[in-house]
Amino acid sequence: MAKTTLKQKVVLILLGIIASLVILEIVLRIGGYGFLLVQRIKNSSSFSKTEYRILCLGESTTALGQDRSYPYLLEQKLKEIIKNRKIKVINVGRVNKNTKYIYDELEGNLKKYKPHLVISMLGINDTKDGMLKREYGWASFNKIFDNFRVYGFFKLLGSHLRKRTNSETVFYGTYDDLQEELNKRDVFDEKLKVIFPKINKFSINFKDAFKKVLYCRKLNEGLLKQYSQEQNEIKRSEIKNQINKVNNVAASLLVVMAIDFKDRGDYHTAIQYLNSAIAYNPQGYAACVEMGRCFRLLKEYNKAVAFLSKAISFGKQAHIASLELAYVFSESGNLEGLARISRIIFSNNYSSKSMYYELGNLLLNNNLLELAEQAFIKASEENAKDYSPLKMLSVVYAKMGQSEKAKKVLEEAEAFKSNRFAYYPDTKIIYNLIVNKVLSKGVKIIAMQYPLRSINDLKEIIDARNKEKDVYFIGNVDNFKKALERGEYSKYFSDSFAGDFGHCTREGNNLIAENLANFITANILQ
C-alpha cells in the first residue's frame with residue numbers, strides 16, 4: 001500500500017477545510033433563511049389589518065426630537081382627525097447620513113414595516129460627487145467576503161472571544177468608569193417620582209436620565225467621604241477633580257431635562273431643574289443661558305438679564321447668551337440695551353452662521369437700521385450659501401430711503417438664489433431609485449421639501465414617469481413664511497445649519513406635521 005506523501009496530506013487537509021466551510025456556509029444560509037421567514041411571519045402577525053402605517057425617511061431633520069419630531073407629531077394629529085382607523089407613523093430618519101445610505105436601508109425597512117405610505121425629506125447631507133463611485137482595492141475585495149455567512153460567523157465569534165478575554169472593568173467609584181456605569185440599566189434604583197416631579201409623562205429614556213443623576217449623587221457621596229478621610233494633599237486634589245467631573249455630568253443631564261420641560265411650556269418646572277444644575281455646577285454656562293431663556297419667556301426680564309450676563313461673564317460660547325440678551329432687550333423695549341449688546345457682538349466678531357441674521361431681524365423690527373445693515377452684511381459674509389441676508393439687506397436700504405441700493409442688492413440676492421444648486425446629480429439619481437423602489441412595492445410616496453425651500457426644485461429632479469404614478473409633492477414655504485411673520489426665527493428653528501433653514505424646534509416640526517396631516521387626510525385618506 002502506497003504511503004501518502006506530505007503534499008497529498010496538505011491537499012487533503014485543505015480540501016477537508018474547504019468542504020467543512022462549504023457545509024457550514026450552507027447550514028448558516030438555511031438557518032438564516034429560516035430565521036428571516038420566522039421574522040417575516042412575526043412582523044406580519046404583529047401588524048393590525050386596520051392599521052395604516054406611514055414610514056418617514058430622512059436625515060437629522062427627521063430623526064431628531066423624539067416626541068418633538070415631525071413624525072411623532074404627525075401621528076398625534078392624524079389620530080385626532082381619523083377616529084375610525086389605527087395610525088402608526090414610523091421614524092427611520094438617520095442622523096448625519098446621506099441619501100445613498102438611506103437608499104441602502106430602504107429594502108429592509110420596507111420589508112420590516114410594510115408601510116402604506118412613505119414620506120421622504122432628503123438630500124441635505126449629500127456631497128457634490130462620490131456617493132456613486134465604485135470602490136476598488138481592498139475595500140472592494142473585503143466586501144466580497146461580507147456576502148459569505150461563514151465570514152460573518154467567524155467575525156462575530158472573534159468579537160465575542162475578544163470581549164471574553166478582556167478583563168471586566170472593576171468599578172471603584174471614579175469618573176473614568178462613570179461613562180460605562182451610566183449606560184447600564186437600573187444603575188441606582190429608587191422611587192424617582194418622590195424626588196423628581198412629573199416623571200410619569202416622559203419616556204423610559206427620560207426616566208433613565210433621572211437614574212443617572214441619582215447615580216451621580218450616590219457616587220459623589222462616596223467621593224466626598226474619601227475626600228474627608230484622605231490625608232495626602234495630592235490624592236485629595238485628585239478626588240476633588242473627580243467630584244467636579246461627576247458634578248458636571250449631573251448638571252448636564254439636569255439641563256437636558258430642563259430644556260424638555262421648557263419646550264413644553266412648563267417654565268417653572270424647568271427652572272427647578274436648572275437650579276439643581278447650578279447647584280451641581282455654579283459655573284455652568286448652559287444652565288445660566290437656559291435660565292435666562294425661561295425668565296424671558298415668563299417676561300421676568302430683570303432675572304433674565306442677570307442670568308444671561310452671568311453666562312456671558314464665563315466667556316465660553318458667549319455669543320449664544322449675547323444673542324439671547326438681545327432678544328430680552330427687544331421684547332422689553334430696551335432699545336438702548338439692544339443697541340449696546342449689538343455693538344458688543346460686532347466688536348467680538350463671533351463666527352456664527354445664524355446669529356447675525358437673527359440679530360439683523362431684531363434690529364430691523366426695532367428700526368435700528370444702521371445696526372441692522374451691519375448685521376446683515378456680517379450674516380452674508382458668515383454664510384455664503386444663503387441669499388436671505390442679502391434679501392433682508394435690501395429691505396433695510398428701502399427703509400433708509402436708498403431705493404437704488406435696495407434694488408441692486410435685491411437683484412444680487414435673486415441672482416444668487418437662481419444660480420445655486422438645490423440638488424446634486426448623484427442625489428437626483430438616488431432619489432429616483434428610492435421613488436422607484438417604493439412604487440414597485442405598490443406603496444404611495446410623498447416627496448416633501450425642506451422648510452423655506454422651493455418645491456419646484458424637488459419636482460425638477462423626479463423623473464417624469466414617476467410623477468405620473470403615486471408620487472405626491474409637499475412644500476413647506478407658505479406655512480413657515482406665515483409663521484415667521486408672527487414669531488422670531490428661534491421659535492421655529494434651533495439653528496440654521498443649511499443656510500436658509502435649520503433643525504426645527506417643536507413649533508417648527510408642528511408646522512410640518514400639520515401641513516402633512518391636512519394633505520394626507522384630504523388627498524390620501526379621504
# chains A, B, ... in the order shown; residues from 1 in each chain; ligands from 1
>>> select_by_dssp(residues="region 331-412 of chain A", states="alpha helix (DSSP H)", output="PyMOL selection string")
chain A and resi 331-332+335-348+355-365+369-382+388-399+403-412
>>> residues_around(residues="Leu224 (chain A)", least_positions_apart="3", cutoff="9 Å", atoms="only C-alpha atoms", output="JSON list (two decimals) with C-alpha atoms, in the first residue's frame")
[["chain", "number", "residue", "atom", "x", "y", "z"],
["A", 219, "LEU", "CA", -21.16, 58.44, 43.55],
["A", 220, "ASN", "CA", -20.44, 61.88, 44.96],
["A", 221, "GLU", "CA", -21.34, 60.73, 48.46],
["A", 227, "TYR", "CA", -12.01, 63.28, 50.35],
["A", 228, "SER", "CA", -12.71, 63.91, 54.03],
["A", 229, "GLN", "CA", -10.67, 60.85, 55.12],
["A", 239, "ILE", "CA", -10.51, 63.21, 44.39],
["A", 240, "LYS", "CA", -11.68, 66.83, 44.19],
["A", 243, "ILE", "CA", -16.03, 65.26, 42.23]]
>>> atom_distance(atom1="CA of Glu468 (chain A)", atom2="CA of Tyr431 (chain A)")
15.9 Å
>>> residues_around(residues="region 501-504 of chain A", least_positions_apart="5", cutoff="7 Å", atoms="only C-alpha atoms", output="list in words")
Thr61, Pro451, Leu452, Tyr492, Phe493, Ser494, Asp495, Ser496 and Asn509 of chain A
>>> closest_atom_pairs(of="region 248-278 of chain A", to="region 292-298 of chain A", cutoff="9 Å", atoms="only C-alpha atoms", output="tab-separated table")
residue	atom	partner	partner_atom	distance
A:Lys262	CA	A:Cys294	CA	6.9
A:Gly265	CA	A:Leu297	CA	8.8
A:Tyr267	CA	A:Cys294	CA	5.7
A:His268	CA	A:Cys294	CA	8.0
A:Ala270	CA	A:Cys294	CA	7.6
A:Ile271	CA	A:Cys294	CA	7.1
>>> write_last_selection(atoms="N, CA and C atoms", output="short mmCIF file (atom, residue, chain, number, x, y, z; two decimals), in the first residue's frame")
data_model
loop_
_atom_site.label_atom_id
_atom_site.label_comp_id
_atom_site.auth_asym_id
_atom_site.auth_seq_id
_atom_site.Cartn_x
_atom_site.Cartn_y
_atom_site.Cartn_z
N LYS A 262 -39.03 73.07 29.36
CA LYS A 262 -39.15 74.40 28.77
C LYS A 262 -39.85 74.33 27.41
N GLY A 265 -43.44 74.27 27.55
CA GLY A 265 -44.08 75.44 28.14
C GLY A 265 -44.18 75.40 29.64
N TYR A 267 -42.31 76.27 32.25
CA TYR A 267 -41.10 77.02 32.59
C TYR A 267 -40.72 76.92 34.06
N HIS A 268 -41.71 76.87 34.93
CA HIS A 268 -41.43 76.82 36.36
C HIS A 268 -40.73 75.51 36.76
N ALA A 270 -39.00 73.70 34.69
CA ALA A 270 -37.67 73.79 34.07
C ALA A 270 -36.71 74.55 34.98
N ILE A 271 -37.20 75.62 35.59
CA ILE A 271 -36.36 76.43 36.48
C ILE A 271 -35.92 75.63 37.70
#
>>> residues_around(residues="Asn247 (chain A)", least_positions_apart="2", cutoff="12 Å", atoms="only C-alpha atoms", output="VMD selection string")
chain A and resid 175 178 212 to 221 223 to 224 240 to 245 249 to 254 276 to 284
>>> residues_around(residues="Ala413 (chain A)", least_positions_apart="6", cutoff="10 Å", atoms="only C-alpha atoms", output="ChimeraX atom specification")
/A:386-394,407
>>> select_by_dssp(residues="region 267-500 of chain A", states="strand (DSSP E or B)", output="PDB file with N, CA, C and O atoms, in the first residue's frame")
ATOM      1  N   LYS A 444     -47.520  54.240  -1.926  1.00  0.00           N
ATOM      2  CA  LYS A 444     -47.514  55.647  -2.324  1.00  0.00           C
ATOM      3  C   LYS A 444     -46.374  56.375  -1.613  1.00  0.00           C
ATOM      4  O   LYS A 444     -45.934  55.961  -0.541  1.00  0.00           O
ATOM      5  N   ILE A 445     -45.907  57.460  -2.213  1.00  0.00           N
ATOM      6  CA  ILE A 445     -44.819  58.230  -1.607  1.00  0.00           C
ATOM      7  C   ILE A 445     -45.084  59.724  -1.688  1.00  0.00           C
ATOM      8  O   ILE A 445     -45.576  60.219  -2.709  1.00  0.00           O
ATOM      9  N   ILE A 446     -44.804  60.422  -0.594  1.00  0.00           N
ATOM     10  CA  ILE A 446     -44.844  61.887  -0.560  1.00  0.00           C
ATOM     11  C   ILE A 446     -43.411  62.381  -0.569  1.00  0.00           C
ATOM     12  O   ILE A 446     -42.631  62.069   0.342  1.00  0.00           O
ATOM     13  N   ALA A 447     -43.029  63.114  -1.601  1.00  0.00           N
ATOM     14  CA  ALA A 447     -41.713  63.758  -1.643  1.00  0.00           C
ATOM     15  C   ALA A 447     -41.886  65.151  -1.043  1.00  0.00           C
ATOM     16  O   ALA A 447     -42.519  66.016  -1.639  1.00  0.00           O
ATOM     17  N   MET A 448     -41.329  65.330   0.132  1.00  0.00           N
ATOM     18  CA  MET A 448     -41.529  66.591   0.859  1.00  0.00           C
ATOM     19  C   MET A 448     -40.268  67.449   0.815  1.00  0.00           C
ATOM     20  O   MET A 448     -39.153  66.936   0.943  1.00  0.00           O
ATOM     21  N   GLN A 449     -40.453  68.746   0.632  1.00  0.00           N
ATOM     22  CA  GLN A 449     -39.338  69.678   0.593  1.00  0.00           C
ATOM     23  C   GLN A 449     -39.047  70.220   1.994  1.00  0.00           C
ATOM     24  O   GLN A 449     -39.942  70.307   2.840  1.00  0.00           O
ATOM     25  N   TYR A 450     -37.786  70.588   2.206  1.00  0.00           N
ATOM     26  CA  TYR A 450     -37.377  71.191   3.475  1.00  0.00           C
ATOM     27  C   TYR A 450     -38.077  72.542   3.670  1.00  0.00           C
ATOM     28  O   TYR A 450     -38.501  73.177   2.712  1.00  0.00           O
ATOM     29  N   PRO A 451     -38.167  73.003   4.938  1.00  0.00           N
ATOM     30  CA  PRO A 451     -38.773  74.315   5.188  1.00  0.00           C
ATOM     31  C   PRO A 451     -38.075  75.433   4.410  1.00  0.00           C
ATOM     32  O   PRO A 451     -36.842  75.433   4.286  1.00  0.00           O
ATOM     33  N   VAL A 471     -46.958  59.516  -6.763  1.00  0.00           N
ATOM     34  CA  VAL A 471     -45.998  60.410  -6.120  1.00  0.00           C
ATOM     35  C   VAL A 471     -46.690  61.742  -5.835  1.00  0.00           C
ATOM     36  O   VAL A 471     -47.284  62.336  -6.732  1.00  0.00           O
ATOM     37  N   TYR A 472     -46.610  62.167  -4.597  1.00  0.00           N
ATOM     38  CA  TYR A 472     -47.193  63.447  -4.189  1.00  0.00           C
ATOM     39  C   TYR A 472     -46.062  64.382  -3.758  1.00  0.00           C
ATOM     40  O   TYR A 472     -45.038  63.932  -3.241  1.00  0.00           O
ATOM     41  N   PHE A 473     -46.248  65.672  -3.948  1.00  0.00           N
ATOM     42  CA  PHE A 473     -45.237  66.658  -3.562  1.00  0.00           C
ATOM     43  C   PHE A 473     -45.829  67.640  -2.550  1.00  0.00           C
ATOM     44  O   PHE A 473     -46.944  68.132  -2.729  1.00  0.00           O
ATOM     45  N   ILE A 474     -45.061  67.907  -1.492  1.00  0.00           N
ATOM     46  CA  ILE A 474     -45.490  68.862  -0.471  1.00  0.00           C
ATOM     47  C   ILE A 474     -44.354  69.829  -0.171  1.00  0.00           C
ATOM     48  O   ILE A 474     -43.222  69.406   0.093  1.00  0.00           O
ATOM     49  N   GLY A 475     -44.669  71.124  -0.202  1.00  0.00           N
ATOM     50  CA  GLY A 475     -43.685  72.148   0.155  1.00  0.00           C
ATOM     51  C   GLY A 475     -43.933  72.687   1.548  1.00  0.00           C
ATOM     52  O   GLY A 475     -45.007  72.503   2.123  1.00  0.00           O
ATOM     53  N   ASN A 476     -42.933  73.347   2.095  1.00  0.00           N
ATOM     54  CA  ASN A 476     -43.048  73.959   3.422  1.00  0.00           C
ATOM     55  C   ASN A 476     -42.532  75.398   3.380  1.00  0.00           C
ATOM     56  O   ASN A 476     -41.700  75.794   4.196  1.00  0.00           O
ATOM     57  N   PHE A 493     -36.794  77.346  14.571  1.00  0.00           N
ATOM     58  CA  PHE A 493     -35.542  76.670  14.229  1.00  0.00           C
ATOM     59  C   PHE A 493     -34.552  76.813  15.384  1.00  0.00           C
ATOM     60  O   PHE A 493     -34.434  77.892  15.973  1.00  0.00           O
TER      61      PHE A 493
END
>>> closest_residue(among="A:Ser440, A:Ser330, A:Asn349, A:Ser380", to="Ala318 (chain A)", atoms="only C-alpha atoms")
A:Asn349
>>> atom_distance(atom1="CA of Val328 (chain A)", atom2="CA of Arg506 (chain A)")
21.2 Å
>>> closest_residue(among="A:Leu511, A:Ile54, A:Glu404, A:Gln76", to="Lys482 (chain A)", atoms="only C-alpha atoms")
A:Leu511
>>> closest_residue(among="A:Tyr52, A:Lys77, A:Ile344, A:Asn436", to="Tyr103 (chain A)", atoms="only C-alpha atoms")
A:Asn436
>>> residues_around(residues="Asn365 (chain A)", least_positions_apart="4", cutoff="12 Å", atoms="only C-alpha atoms", output="ChimeraX atom specification")
/A:327,330-331,333,335,338,358-361,369,371-372,392,395-396,399,485-488
